[in-house]
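Colleague: Input data_19.cif, format and content: mmCIF, C-alpha atoms.
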data_final
#
loop_
_atom_site.group_PDB
_atom_site.id
_atom_site.type_symbol
_atom_site.label_atom_id
_atom_site.label_comp_id
_atom_site.auth_asym_id
_atom_site.auth_seq_id
_atom_site.Cartn_x
_atom_site.Cartn_y
_atom_site.Cartn_z
ATOM 1 C CA MET E 9 16.179 1.932 -14.870
ATOM 2 C CA ALA E 10 18.775 -0.491 -13.647
ATOM 3 C CA THR E 11 17.554 -1.275 -10.122
ATOM 4 C CA GLN E 12 15.818 -4.638 -10.114
ATOM 5 C CA ILE E 13 13.676 -5.673 -7.185
ATOM 6 C CA SER E 14 12.586 -9.206 -6.405
ATOM 7 C CA LEU E 15 9.637 -10.076 -4.207
ATOM 8 C CA GLU E 16 8.711 -13.423 -2.781
ATOM 9 C CA PRO E 17 5.087 -14.207 -1.910
ATOM 10 C CA ILE E 18 4.592 -14.561 1.840
ATOM 11 C CA GLY E 19 1.352 -16.425 1.170
ATOM 12 C CA PHE E 20 -1.622 -16.850 -1.120
ATOM 13 C CA VAL E 21 -5.310 -15.926 -1.217
ATOM 14 C CA HIS E 22 -8.043 -18.559 -1.094
ATOM 15 C CA SER E 23 -11.314 -17.161 -2.393
ATOM 16 C CA HIS E 24 -14.473 -18.422 -4.036
ATOM 17 C CA VAL E 25 -13.844 -15.772 -6.729
ATOM 18 C CA LYS E 26 -11.813 -17.698 -9.282
ATOM 19 C CA ILE E 27 -12.028 -15.472 -12.365
ATOM 20 C CA THR E 28 -11.948 -11.690 -12.758
ATOM 21 C CA PRO E 29 -15.460 -10.346 -12.090
ATOM 22 C CA LYS E 30 -16.992 -7.268 -13.731
ATOM 23 C CA PRO E 31 -15.727 -3.884 -12.476
ATOM 24 C CA GLU E 32 -18.999 -3.254 -10.632
ATOM 25 C CA TYR E 33 -18.655 -6.465 -8.585
ATOM 26 C CA ASP E 34 -19.127 -5.661 -4.901
ATOM 27 C CA TRP E 35 -16.403 -7.235 -2.782
ATOM 28 C CA SER E 36 -17.474 -5.633 0.475
ATOM 29 C CA ASP E 37 -18.999 -8.808 1.954
ATOM 30 C CA ALA E 38 -16.502 -11.209 0.370
ATOM 31 C CA VAL E 39 -14.674 -13.320 2.936
ATOM 32 C CA SER E 40 -11.319 -14.742 1.894
ATOM 33 C CA GLU E 41 -8.503 -16.636 3.504
ATOM 34 C CA ILE E 42 -4.860 -15.661 3.367
ATOM 35 C CA GLU E 43 -2.614 -18.644 3.987
ATOM 36 C CA LEU E 44 0.845 -17.506 4.999
ATOM 37 C CA ALA E 45 3.919 -19.668 4.584
ATOM 38 C CA GLN E 46 4.428 -21.331 7.969
ATOM 39 C CA ALA E 47 7.846 -19.717 8.309
ATOM 40 C CA TRP E 48 6.089 -16.367 8.850
ATOM 41 C CA GLN E 49 3.477 -17.493 11.374
ATOM 42 C CA ALA E 50 5.213 -15.936 14.420
ATOM 43 C CA GLY E 51 5.242 -12.646 12.533
ATOM 44 C CA LEU E 52 1.467 -12.445 12.999
ATOM 45 C CA ASP E 53 1.612 -12.159 16.822
ATOM 46 C CA GLY E 54 -0.493 -9.234 17.976
ATOM 47 C CA LEU E 55 -2.014 -8.537 14.574
ATOM 48 C CA GLU E 56 -5.367 -9.898 15.802
ATOM 49 C CA GLN E 57 -5.637 -6.821 18.054
ATOM 50 C CA TYR E 58 -6.184 -4.682 14.978
ATOM 51 C CA SER E 59 -9.596 -4.563 13.338
ATOM 52 C CA HIS E 60 -8.194 -3.825 9.873
ATOM 53 C CA VAL E 61 -5.034 -4.651 7.972
ATOM 54 C CA ILE E 62 -3.443 -3.457 4.756
ATOM 55 C CA VAL E 63 -2.841 -6.240 2.252
ATOM 56 C CA LEU E 64 -0.329 -5.741 -0.537
ATOM 57 C CA TYR E 65 -0.767 -8.274 -3.285
ATOM 58 C CA TRP E 66 0.494 -9.052 -6.735
ATOM 59 C CA ALA E 67 -2.269 -8.844 -9.349
ATOM 60 C CA HIS E 68 -1.040 -11.982 -11.091
ATOM 61 C CA LYS E 69 -3.838 -11.851 -13.709
ATOM 62 C CA ALA E 70 -2.948 -8.272 -14.704
ATOM 63 C CA THR E 71 0.656 -8.771 -15.717
ATOM 64 C CA ASP E 72 0.106 -8.645 -19.482
ATOM 65 C CA LYS E 73 1.853 -5.383 -20.363
ATOM 66 C CA ALA E 74 0.072 -5.331 -23.748
ATOM 67 C CA LYS E 75 -3.152 -4.598 -21.839
ATOM 68 C CA MET E 76 -1.652 -1.698 -19.901
ATOM 69 C CA ALA E 77 -2.475 1.787 -21.181
ATOM 70 C CA LEU E 78 -0.962 5.072 -20.013
ATOM 71 C CA ARG E 79 -4.414 6.678 -20.019
ATOM 72 C CA VAL E 80 -7.548 4.792 -18.961
ATOM 73 C CA HIS E 81 -11.228 5.384 -18.366
ATOM 74 C CA TYR E 82 -11.718 5.689 -14.630
ATOM 75 C CA ARG E 83 -13.116 2.366 -13.380
ATOM 76 C CA GLY E 84 -13.500 1.294 -16.996
ATOM 77 C CA GLU E 85 -16.478 3.681 -17.342
ATOM 78 C CA VAL E 86 -16.424 5.028 -20.912
ATOM 79 C CA THR E 87 -18.696 7.966 -20.021
ATOM 80 C CA LEU E 88 -15.924 9.352 -17.836
ATOM 81 C CA PRO E 89 -12.869 11.159 -19.217
ATOM 82 C CA LYS E 90 -9.648 9.220 -19.591
ATOM 83 C CA VAL E 91 -7.064 9.814 -16.881
ATOM 84 C CA GLY E 92 -3.474 8.729 -16.393
ATOM 85 C CA LEU E 93 -3.018 5.213 -15.060
ATOM 86 C CA PHE E 94 -1.525 6.570 -11.817
ATOM 87 C CA ALA E 95 -4.751 8.556 -11.283
ATOM 88 C CA SER E 96 -6.637 5.239 -11.499
ATOM 89 C CA ARG E 97 -6.668 2.120 -9.389
ATOM 90 C CA SER E 98 -6.532 -0.203 -12.397
ATOM 91 C CA PRO E 99 -4.413 -3.281 -11.651
ATOM 92 C CA TYR E 100 -2.726 -2.849 -15.060
ATOM 93 C CA ARG E 101 0.241 -0.811 -13.878
ATOM 94 C CA PRO E 102 4.000 -0.827 -14.473
ATOM 95 C CA ASN E 103 4.172 -2.906 -11.280
ATOM 96 C CA PRO E 104 0.773 -4.609 -10.795
ATOM 97 C CA LEU E 105 0.811 -4.242 -7.021
ATOM 98 C CA CYS E 106 -2.530 -3.687 -5.330
ATOM 99 C CA MET E 107 -3.176 -2.304 -1.872
ATOM 100 C CA LYS E 108 -6.414 -3.069 -0.064
ATOM 101 C CA VAL E 109 -7.545 -2.240 3.469
ATOM 102 C CA VAL E 110 -9.544 -5.216 4.746
ATOM 103 C CA ARG E 111 -11.374 -6.177 7.906
ATOM 104 C CA LEU E 112 -9.462 -8.804 9.883
ATOM 105 C CA LEU E 113 -11.971 -11.408 11.048
ATOM 106 C CA SER E 114 -9.566 -13.898 12.635
ATOM 107 C CA VAL E 115 -5.997 -15.145 12.817
ATOM 108 C CA LYS E 116 -5.587 -18.873 13.440
ATOM 109 C CA GLY E 117 -2.062 -20.197 13.118
ATOM 110 C CA ASN E 118 -0.855 -19.121 9.708
ATOM 111 C CA ILE E 119 -4.364 -18.458 8.354
ATOM 112 C CA LEU E 120 -6.051 -15.049 8.268
ATOM 113 C CA HIS E 121 -9.716 -14.635 7.506
ATOM 114 C CA VAL E 122 -10.455 -11.235 6.006
ATOM 115 C CA GLN E 123 -13.416 -9.379 4.564
ATOM 116 C CA ASN E 124 -13.427 -7.037 1.551
ATOM 117 C CA LEU E 125 -10.245 -8.299 -0.113
ATOM 118 C CA ASP E 126 -10.668 -7.725 -3.862
ATOM 119 C CA ALA E 127 -8.237 -10.450 -4.895
ATOM 120 C CA LEU E 128 -8.832 -13.596 -6.923
ATOM 121 C CA ASP E 129 -8.231 -17.102 -5.673
ATOM 122 C CA GLY E 130 -4.522 -17.907 -5.943
ATOM 123 C CA THR E 131 -3.315 -14.301 -5.698
ATOM 124 C CA PRO E 132 0.207 -13.979 -4.219
ATOM 125 C CA VAL E 133 0.331 -11.788 -1.111
ATOM 126 C CA VAL E 134 3.561 -9.854 -0.609
ATOM 127 C CA ASP E 135 2.909 -7.950 2.631
ATOM 128 C CA ILE E 136 0.471 -7.465 5.488
ATOM 129 C CA LYS E 137 0.568 -4.351 7.676
ATOM 130 C CA PRO E 138 -1.634 -3.083 10.515
ATOM 131 C CA PHE E 139 -4.013 -0.293 9.487
ATOM 132 C CA ILE E 140 -3.374 2.662 11.799
ATOM 133 C CA PRO E 141 -5.671 5.669 11.279
ATOM 134 C CA THR E 142 -3.266 8.172 12.865
ATOM 135 C CA ASN E 143 -0.729 7.083 10.264
ATOM 136 C CA ASP E 144 -2.857 6.149 7.278
ATOM 137 C CA VAL E 145 -5.728 8.635 7.210
ATOM 138 C CA PRO E 146 -4.843 12.242 6.426
ATOM 139 C CA THR E 147 -7.180 15.177 6.969
ATOM 140 C CA ASP E 148 -8.504 17.609 4.339
ATOM 141 C CA VAL E 149 -8.727 14.993 1.624
ATOM 142 C CA ARG E 150 -10.011 16.141 -1.753
ATOM 143 C CA VAL E 151 -10.958 13.917 -4.705
ATOM 144 C CA PRO E 152 -11.996 15.036 -8.207
ATOM 145 C CA ASP E 153 -15.626 15.125 -9.328
ATOM 146 C CA TRP E 154 -15.258 12.116 -11.618
ATOM 147 C CA ASN E 155 -14.208 10.087 -8.627
ATOM 148 C CA GLN E 156 -17.590 10.684 -7.004
ATOM 149 C CA PHE E 157 -18.949 8.309 -9.632
ATOM 150 C CA ARG E 158 -18.644 5.357 -7.244
ATOM 151 C CA SER E 159 -20.983 6.789 -4.658
ATOM 152 C CA GLU E 160 -23.598 7.683 -7.299
ATOM 153 C CA THR E 161 -24.023 4.065 -8.315
ATOM 154 C CA PRO E 162 -25.638 1.504 -6.024
ATOM 155 C CA MET T 5 7.436 -20.651 -2.552
ATOM 156 C CA ALA T 6 8.181 -20.832 -6.235
ATOM 157 C CA THR T 7 6.463 -17.686 -7.583
ATOM 158 C CA GLN T 8 9.053 -14.997 -8.209
ATOM 159 C CA ILE T 9 7.978 -11.425 -8.767
ATOM 160 C CA SER T 10 10.120 -8.693 -10.293
ATOM 161 C CA LEU T 11 9.482 -5.003 -9.865
ATOM 162 C CA GLU T 12 11.010 -2.149 -11.743
ATOM 163 C CA PRO T 13 11.256 1.298 -10.146
ATOM 164 C CA ILE T 14 8.993 3.826 -11.852
ATOM 165 C CA GLY T 15 11.042 6.626 -10.316
ATOM 166 C CA PHE T 16 13.156 7.751 -7.392
ATOM 167 C CA VAL T 17 12.836 9.998 -4.348
ATOM 168 C CA HIS T 18 14.863 13.171 -3.966
ATOM 169 C CA SER T 19 14.980 14.259 -0.334
ATOM 170 C CA HIS T 20 17.252 16.216 1.959
ATOM 171 C CA VAL T 21 17.134 13.192 4.294
ATOM 172 C CA LYS T 22 20.129 11.159 3.151
ATOM 173 C CA ILE T 23 20.610 8.721 6.035
ATOM 174 C CA THR T 24 18.111 6.832 8.200
ATOM 175 C CA PRO T 25 16.954 9.183 10.975
ATOM 176 C CA LYS T 26 15.957 8.110 14.503
ATOM 177 C CA PRO T 27 12.542 6.424 14.823
ATOM 178 C CA GLU T 28 11.083 9.529 16.472
ATOM 179 C CA TYR T 29 11.989 11.726 13.493
ATOM 180 C CA ASP T 30 8.938 13.721 12.412
ATOM 181 C CA TRP T 31 8.430 13.529 8.653
ATOM 182 C CA SER T 32 5.121 15.378 8.618
ATOM 183 C CA ASP T 33 6.551 18.636 7.220
ATOM 184 C CA ALA T 34 9.169 16.988 5.020
ATOM 185 C CA VAL T 35 8.822 17.933 1.354
ATOM 186 C CA SER T 36 10.310 15.532 -1.171
ATOM 187 C CA GLU T 37 10.381 15.159 -4.908
ATOM 188 C CA ILE T 38 9.479 12.007 -6.788
ATOM 189 C CA GLU T 39 11.074 11.975 -10.226
ATOM 190 C CA LEU T 40 9.306 9.493 -12.478
ATOM 191 C CA ALA T 41 10.908 7.964 -15.524
ATOM 192 C CA GLN T 42 9.771 10.121 -18.447
ATOM 193 C CA ALA T 43 8.088 7.125 -20.091
ATOM 194 C CA TRP T 44 5.421 7.285 -17.346
ATOM 195 C CA GLN T 45 4.720 11.009 -17.450
ATOM 196 C CA ALA T 46 1.371 10.724 -19.317
ATOM 197 C CA GLY T 47 0.256 8.281 -16.612
ATOM 198 C CA LEU T 48 0.105 11.208 -14.173
ATOM 199 C CA ASP T 49 -2.722 13.037 -16.021
ATOM 200 C CA GLY T 50 -5.480 13.941 -13.583
ATOM 201 C CA LEU T 51 -3.553 12.922 -10.488
ATOM 202 C CA GLU T 52 -3.152 16.607 -9.551
ATOM 203 C CA GLN T 53 -6.907 16.704 -8.830
ATOM 204 C CA TYR T 54 -6.327 14.523 -5.780
ATOM 205 C CA SER T 55 -5.036 16.088 -2.582
ATOM 206 C CA HIS T 56 -3.335 12.894 -1.396
ATOM 207 C CA VAL T 57 -1.662 9.932 -3.055
ATOM 208 C CA ILE T 58 -0.457 6.534 -1.901
ATOM 209 C CA VAL T 59 3.224 5.938 -2.545
ATOM 210 C CA LEU T 60 4.569 2.390 -2.596
ATOM 211 C CA TYR T 61 8.310 2.316 -2.293
ATOM 212 C CA TRP T 62 11.126 -0.137 -1.836
ATOM 213 C CA ALA T 63 12.977 0.394 1.457
ATOM 214 C CA HIS T 64 16.344 -0.101 -0.182
ATOM 215 C CA LYS T 65 18.250 0.480 3.059
ATOM 216 C CA ALA T 66 16.271 -2.215 4.900
ATOM 217 C CA THR T 67 17.042 -5.185 2.676
ATOM 218 C CA ASP T 68 19.569 -6.859 5.004
ATOM 219 C CA LYS T 69 17.648 -9.983 5.998
ATOM 220 C CA ALA T 70 20.054 -10.536 8.930
ATOM 221 C CA LYS T 71 18.456 -7.474 10.572
ATOM 222 C CA MET T 72 14.906 -8.757 10.132
ATOM 223 C CA ALA T 73 13.323 -10.345 13.209
ATOM 224 C CA LEU T 74 9.995 -12.213 13.349
ATOM 225 C CA ARG T 75 9.107 -10.377 16.554
ATOM 226 C CA VAL T 76 10.003 -6.736 17.161
ATOM 227 C CA HIS T 77 9.469 -3.992 19.703
ATOM 228 C CA TYR T 78 6.747 -1.748 18.346
ATOM 229 C CA ARG T 79 8.413 1.354 16.887
ATOM 230 C CA GLY T 80 11.711 0.106 18.381
ATOM 231 C CA GLU T 81 10.427 1.103 21.843
ATOM 232 C CA VAL T 82 11.873 -1.432 24.316
ATOM 233 C CA THR T 83 9.312 -0.572 27.012
ATOM 234 C CA LEU T 84 6.578 -1.973 24.758
ATOM 235 C CA PRO T 85 5.948 -5.708 24.324
ATOM 236 C CA LYS T 86 7.357 -7.430 21.274
ATOM 237 C CA VAL T 87 4.883 -8.099 18.492
ATOM 238 C CA GLY T 88 5.069 -9.985 15.216
ATOM 239 C CA LEU T 89 6.689 -8.115 12.361
ATOM 240 C CA PHE T 90 3.380 -8.036 10.448
ATOM 241 C CA ALA T 91 1.818 -6.242 13.440
ATOM 242 C CA SER T 92 4.499 -3.579 13.049
ATOM 243 C CA ARG T 93 5.362 -1.089 10.351
ATOM 244 C CA SER T 94 9.086 -1.807 10.531
ATOM 245 C CA PRO T 95 10.656 -1.650 7.060
ATOM 246 C CA TYR T 96 12.552 -4.887 7.839
ATOM 247 C CA ARG T 97 10.015 -7.284 6.313
ATOM 248 C CA PRO T 98 10.141 -10.338 4.036
ATOM 249 C CA ASN T 99 9.473 -7.853 1.222
ATOM 250 C CA PRO T 100 10.645 -4.419 2.371
ATOM 251 C CA LEU T 101 7.815 -2.557 0.674
ATOM 252 C CA CYS T 102 6.503 0.556 2.397
ATOM 253 C CA MET T 103 3.182 2.287 1.864
ATOM 254 C CA LYS T 104 2.759 5.941 2.745
ATOM 255 C CA VAL T 105 -0.151 8.313 2.210
ATOM 256 C CA VAL T 106 1.301 11.717 1.322
ATOM 257 C CA ARG T 107 -0.008 15.149 0.459
ATOM 258 C CA LEU T 108 0.404 15.943 -3.223
ATOM 259 C CA LEU T 109 1.706 19.506 -3.495
ATOM 260 C CA SER T 110 2.243 19.661 -7.257
ATOM 261 C CA VAL T 111 2.757 17.703 -10.458
ATOM 262 C CA LYS T 112 5.023 19.322 -13.030
ATOM 263 C CA GLY T 113 5.922 17.157 -15.994
ATOM 264 C CA ASN T 114 7.383 13.976 -14.547
ATOM 265 C CA ILE T 115 8.090 15.517 -11.117
ATOM 266 C CA LEU T 116 5.793 15.237 -8.092
ATOM 267 C CA HIS T 117 6.277 17.331 -4.995
ATOM 268 C CA VAL T 118 4.894 15.605 -1.926
ATOM 269 C CA GLN T 119 4.735 16.223 1.798
ATOM 270 C CA ASN T 120 5.082 13.619 4.575
ATOM 271 C CA LEU T 121 6.889 10.947 2.561
ATOM 272 C CA ASP T 122 9.064 8.987 5.020
ATOM 273 C CA ALA T 123 11.574 7.819 2.426
ATOM 274 C CA LEU T 124 15.291 8.495 2.152
ATOM 275 C CA ASP T 125 16.944 10.225 -0.769
ATOM 276 C CA GLY T 126 17.439 7.722 -3.587
ATOM 277 C CA THR T 127 14.548 5.438 -2.602
ATOM 278 C CA PRO T 128 13.041 3.519 -5.552
ATOM 279 C CA VAL T 129 9.311 4.189 -6.005
ATOM 280 C CA VAL T 130 7.323 1.270 -7.420
ATOM 281 C CA ASP T 131 3.785 2.674 -7.569
ATOM 282 C CA ILE T 132 1.663 5.777 -7.066
ATOM 283 C CA LYS T 133 -2.110 5.564 -6.557
ATOM 284 C CA PRO T 134 -4.788 8.150 -5.775
ATOM 285 C CA PHE T 135 -5.954 8.146 -2.152
ATOM 286 C CA ILE T 136 -9.726 7.670 -2.148
ATOM 287 C CA PRO T 137 -11.378 7.782 1.290
ATOM 288 C CA THR T 138 -14.464 5.806 0.203
ATOM 289 C CA ASN T 139 -12.097 3.028 -0.815
ATOM 290 C CA ASP T 140 -9.212 3.370 1.631
ATOM 291 C CA VAL T 141 -10.760 4.374 4.950
ATOM 292 C CA PRO T 142 -12.929 1.769 6.682
ATOM 293 C CA THR T 143 -15.257 2.524 9.560
ATOM 294 C CA ASP T 144 -15.137 1.038 13.085
ATOM 295 C CA VAL T 145 -11.359 0.850 13.182
ATOM 296 C CA ARG T 146 -9.785 -0.495 16.363
ATOM 297 C CA VAL T 147 -6.098 -0.459 17.262
ATOM 298 C CA PRO T 148 -4.435 -2.064 20.312
ATOM 299 C CA ASP T 149 -3.465 -0.059 23.402
ATOM 300 C CA TRP T 150 0.244 -0.293 22.691
ATOM 301 C CA ASN T 151 -0.365 1.421 19.390
ATOM 302 C CA GLN T 152 -1.621 4.500 21.221
ATOM 303 C CA PHE T 153 2.026 5.073 22.165
ATOM 304 C CA ARG T 154 2.542 7.391 19.208
ATOM 305 C CA SER T 155 -0.142 9.845 20.244
ATOM 306 C CA GLU T 156 1.156 9.970 23.834
ATOM 307 C CA THR T 157 4.524 11.332 22.748
ATOM 308 C CA PRO T 158 4.935 14.782 21.257
#
Any chance you could give the structure as structure tokens?
Modeller:
Amino acid sequence: MATQISLEPIGFVHSHVKITPKPEYDWSDAVSEIELAQAWQAGLDGLEQYSHVIVLYWAHKATDKAKMALRVHYRGEVTLPKVGLFASRSPYRPNPLCMKVVRLLSVKGNILHVQNLDALDGTPVVDIKPFIPTNDVPTDVRVPDWNQFRSETP
Amino acid sequence: MATQISLEPIGFVHSHVKITPKPEYDWSDAVSEIELAQAWQAGLDGLEQYSHVIVLYWAHKATDKAKMALRVHYRGEVTLPKVGLFASRSPYRPNPLCMKVVRLLSVKGNILHVQNLDALDGTPVVDIKPFIPTNDVPTDVRVPDWNQFRSETP
């Protein structure tokens, strides 16, 4: 399709995770830093009053289109049936944009400290939004059986 | 910053909402269609087993950088204090990407019917992901007082 969209990173992730870990890697306690370009610092005013923020980032290590498949094993687990890529959260997507809700630990100047961000060191961040349950959490949510997989593994 | 990122729409929104409505417009009952490029149709397999999906879209009517301010009135409400743009959900952002959790009503071929998508007719869609509460809904969420505004108005 003809529409072309250009994004500019607003900042970058600093993390001790430098290379892609295994799918079962647990990011929940990982603390990372997001360093925003100084031009955007005033745009953070008031964000510290939220406990959680939505981070949109560019999965810069998942841009090889040769590795993208239309149908994938959910979470890379070969015992599960293949599903369409849009029914997965694989970073190998037509546009490798990832969305992660993270705990906001602090905002100091142009630096955010966050917990649970599943992004590698050097990842370009393209947006940060406040997480607002009345807006972002619907009721009556249903997920398929094969998605329950996550909670069955430690 | 030097990194440049290009996105390609995977599809477009069809909606009866053709022009930007007032901020108080209630989208919750709005039903829209997302028409994916046919090349991506197989990528939808299994998505219909989820009740809700995350839609990432390009706010193509909010790309005028002259209208973007670093500090904005929350929800355009002048009685509320100004906050940084990243503490708001205004579409006027360095990268006007919007994220909306919508109810998935049906998937037929390359067409999704969704409810509660706050996007104008013709909006480019750049990603669709399954909404997974164990992944996307944290506990102990706190929002600032001025965010309660929404629930105080009908």
Colleague: So, counting all atoms listed in the file, which residue among E:Gln46, E:Thr87, E:Asn103, E:Thr28 is closest to chain T?
Modeller: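 Of E:Gln46, E:Thr87, E:Asn103, E:Thr28, the one nearest chain T is E:Asn103, counting all atoms listed in the file.
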Colleague: Enumerate, in order of chain and increasing residue number, the residues of chain E with an atom no farther than 7 Å from chain T, each with its shortest atom pair and distance in Å to one decimal, counting all atoms listed in the file, as a Markdown table.
Modeller:
| residue | atom | partner | partner_atom | distance |
| --- | --- | --- | --- | --- |
| E:Met9 | CA | T:Pro13 | CA | 6.9 |
| E:Thr11 | CA | T:Glu12 | CA | 6.8 |
| E:Gln12 | CA | T:Glu12 | CA | 5.7 |
| E:Ile13 | CA | T:Leu11 | CA | 5.0 |
| E:Ser14 | CA | T:Ser10 | CA | 4.6 |
| E:Leu15 | CA | T:Ile9 | CA | 5.0 |
| E:Glu16 | CA | T:Gln8 | CA | 5.7 |
| E:Pro17 | CA | T:Thr7 | CA | 6.8 |
| E:Ala50 | CA | T:Gly88 | CA | 6.0 |
| E:Gly51 | CA | T:Gly88 | CA | 3.8 |
| E:Leu52 | CA | T:Gly88 | CA | 4.9 |
| E:Asp53 | CA | T:Gly88 | CA | 4.4 |
| E:Gly54 | CA | T:Val87 | CA | 5.5 |
| E:Leu55 | CA | T:Ala91 | CA | 4.6 |
| E:Gln57 | CA | T:Pro148 | CA | 5.4 |
| E:Tyr58 | CA | T:Val147 | CA | 4.8 |
| E:Ser59 | CA | T:Arg146 | CA | 5.1 |
| E:His60 | CA | T:Val145 | CA | 6.5 |
| E:Leu78 | CA | T:Gly47 | CA | 4.8 |
| E:Arg79 | CA | T:Gly47 | CA | 6.0 |
| E:Val91 | CA | T:Asp49 | CA | 5.5 |
| E:Gly92 | CA | T:Gly47 | CA | 3.8 |
| E:Leu93 | CA | T:Gly47 | CA | 4.7 |
| E:Phe94 | CA | T:Lys133 | CA | 5.4 |
| E:Ala95 | CA | T:Leu51 | CA | 4.6 |
| E:Ser96 | CA | T:Pro134 | CA | 6.7 |
| E:Arg97 | CA | T:Lys133 | CA | 6.4 |
| E:Asn103 | CA | T:Leu11 | CA | 5.9 |
| E:Val109 | CA | T:Asp140 | CA | 6.1 |
| E:Val134 | CA | T:Asn99 | CA | 6.5 |
| E:Asp135 | CA | T:Asn99 | CA | 6.7 |
| E:Ile136 | CA | T:Phe90 | CA | 5.8 |
| E:Lys137 | CA | T:Phe90 | CA | 5.4 |
| E:Pro138 | CA | T:Ala91 | CA | 5.5 |
| E:Ile140 | CA | T:Val147 | CA | 6.9 |
| E:Asp144 | CA | T:Val105 | CA | 6.1 |
| E:Val145 | CA | T:Val141 | CA | 7.0 |
| E:Val149 | CA | T:Ser55 | CA | 5.7 |
| E:Arg150 | CA | T:Ser55 | CA | 5.0 |
| E:Val151 | CA | T:Tyr54 | CA | 4.8 |
| E:Pro152 | CA | T:Gln53 | CA | 5.4 |
Colleague: Limited to C-alpha atoms, could you put the picked residues into a file as a compact mmCIF listing (two decimals), in the coordinates of the input?
Modeller:
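The result, stored in selection_17.txt:
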# COMPACT_ATOMS: atom_id res chain seq x y z
CA MET E 9 16.18 1.93 -14.87
CA THR E 11 17.55 -1.27 -10.12
CA GLN E 12 15.82 -4.64 -10.11
CA ILE E 13 13.68 -5.67 -7.18
CA SER E 14 12.59 -9.21 -6.40
CA LEU E 15 9.64 -10.08 -4.21
CA GLU E 16 8.71 -13.42 -2.78
CA PRO E 17 5.09 -14.21 -1.91
CA ALA E 50 5.21 -15.94 14.42
CA GLY E 51 5.24 -12.65 12.53
CA LEU E 52 1.47 -12.44 13.00
CA ASP E 53 1.61 -12.16 16.82
CA GLY E 54 -0.49 -9.23 17.98
CA LEU E 55 -2.01 -8.54 14.57
CA GLN E 57 -5.64 -6.82 18.05
CA TYR E 58 -6.18 -4.68 14.98
CA SER E 59 -9.60 -4.56 13.34
CA HIS E 60 -8.19 -3.82 9.87
CA LEU E 78 -0.96 5.07 -20.01
CA ARG E 79 -4.41 6.68 -20.02
CA VAL E 91 -7.06 9.81 -16.88
CA GLY E 92 -3.47 8.73 -16.39
CA LEU E 93 -3.02 5.21 -15.06
CA PHE E 94 -1.52 6.57 -11.82
CA ALA E 95 -4.75 8.56 -11.28
CA SER E 96 -6.64 5.24 -11.50
CA ARG E 97 -6.67 2.12 -9.39
CA ASN E 103 4.17 -2.91 -11.28
CA VAL E 109 -7.54 -2.24 3.47
CA VAL E 134 3.56 -9.85 -0.61
CA ASP E 135 2.91 -7.95 2.63
CA ILE E 136 0.47 -7.46 5.49
CA LYS E 137 0.57 -4.35 7.68
CA PRO E 138 -1.63 -3.08 10.52
CA ILE E 140 -3.37 2.66 11.80
CA ASP E 144 -2.86 6.15 7.28
CA VAL E 145 -5.73 8.64 7.21
CA VAL E 149 -8.73 14.99 1.62
CA ARG E 150 -10.01 16.14 -1.75
CA VAL E 151 -10.96 13.92 -4.70
CA PRO E 152 -12.00 15.04 -8.21
Colleague: What is the CA of Glu32 (chain E) to CA of Asn124 (chain E) distance in Å?
Modeller: 13.9 Å
Colleague: Using CA of Val21 (chain T) and CA of Tyr96 (chain T) as the two end points, give the distance in Å to one decimal.
Modeller: 19.0 Å
Colleague: Which residue out of T:Asp125, T:Ala70, T:Ser36, T:Leu84 has the minimum interatomic distance to Ser110 (chain T) when all atoms listed in the file are used?
Modeller: T:Ser36
Colleague: CA of Tyr82 (chain E) and CA of Lys30 (chain E) are how many Å apart?
Modeller: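 Separating CA of Tyr82 (chain E) from CA of Lys30 (chain E) is a distance of 14.0 Å.
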Colleague: Could you check which of T:Pro27, T:Gly80, T:Leu109, T:Ile38 is closest to Val59 (chain T), using all atoms listed in the file?
Modeller: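 Distance minimum relative to Val59 (chain T) lands on T:Ile38.
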Colleague: Calculated over only C-alpha atoms, which of the candidates E:Leu44, E:Ile27, E:Val21, E:Val39 has the smallest distance to Leu112 (chain E)?
Modeller: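 Closest to Leu112 (chain E), using only C-alpha atoms: E:Val39.
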Colleague: Which residue out of E:Asp34, E:Leu128, E:His22, E:Glu43 has the minimum interatomic distance to Val115 (chain E) when only C-alpha atoms are used?
Modeller: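 Result for the nearest residue to Val115 (chain E): E:Glu43.
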Colleague: Looking at all atoms listed in the file, which of T:Ile115, T:Met72, T:Ala123, T:Ala66 is the one that sits closest to Glu37 (chain T)?
Modeller: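 Distance minimum relative to Glu37 (chain T) lands on T:Ile115.
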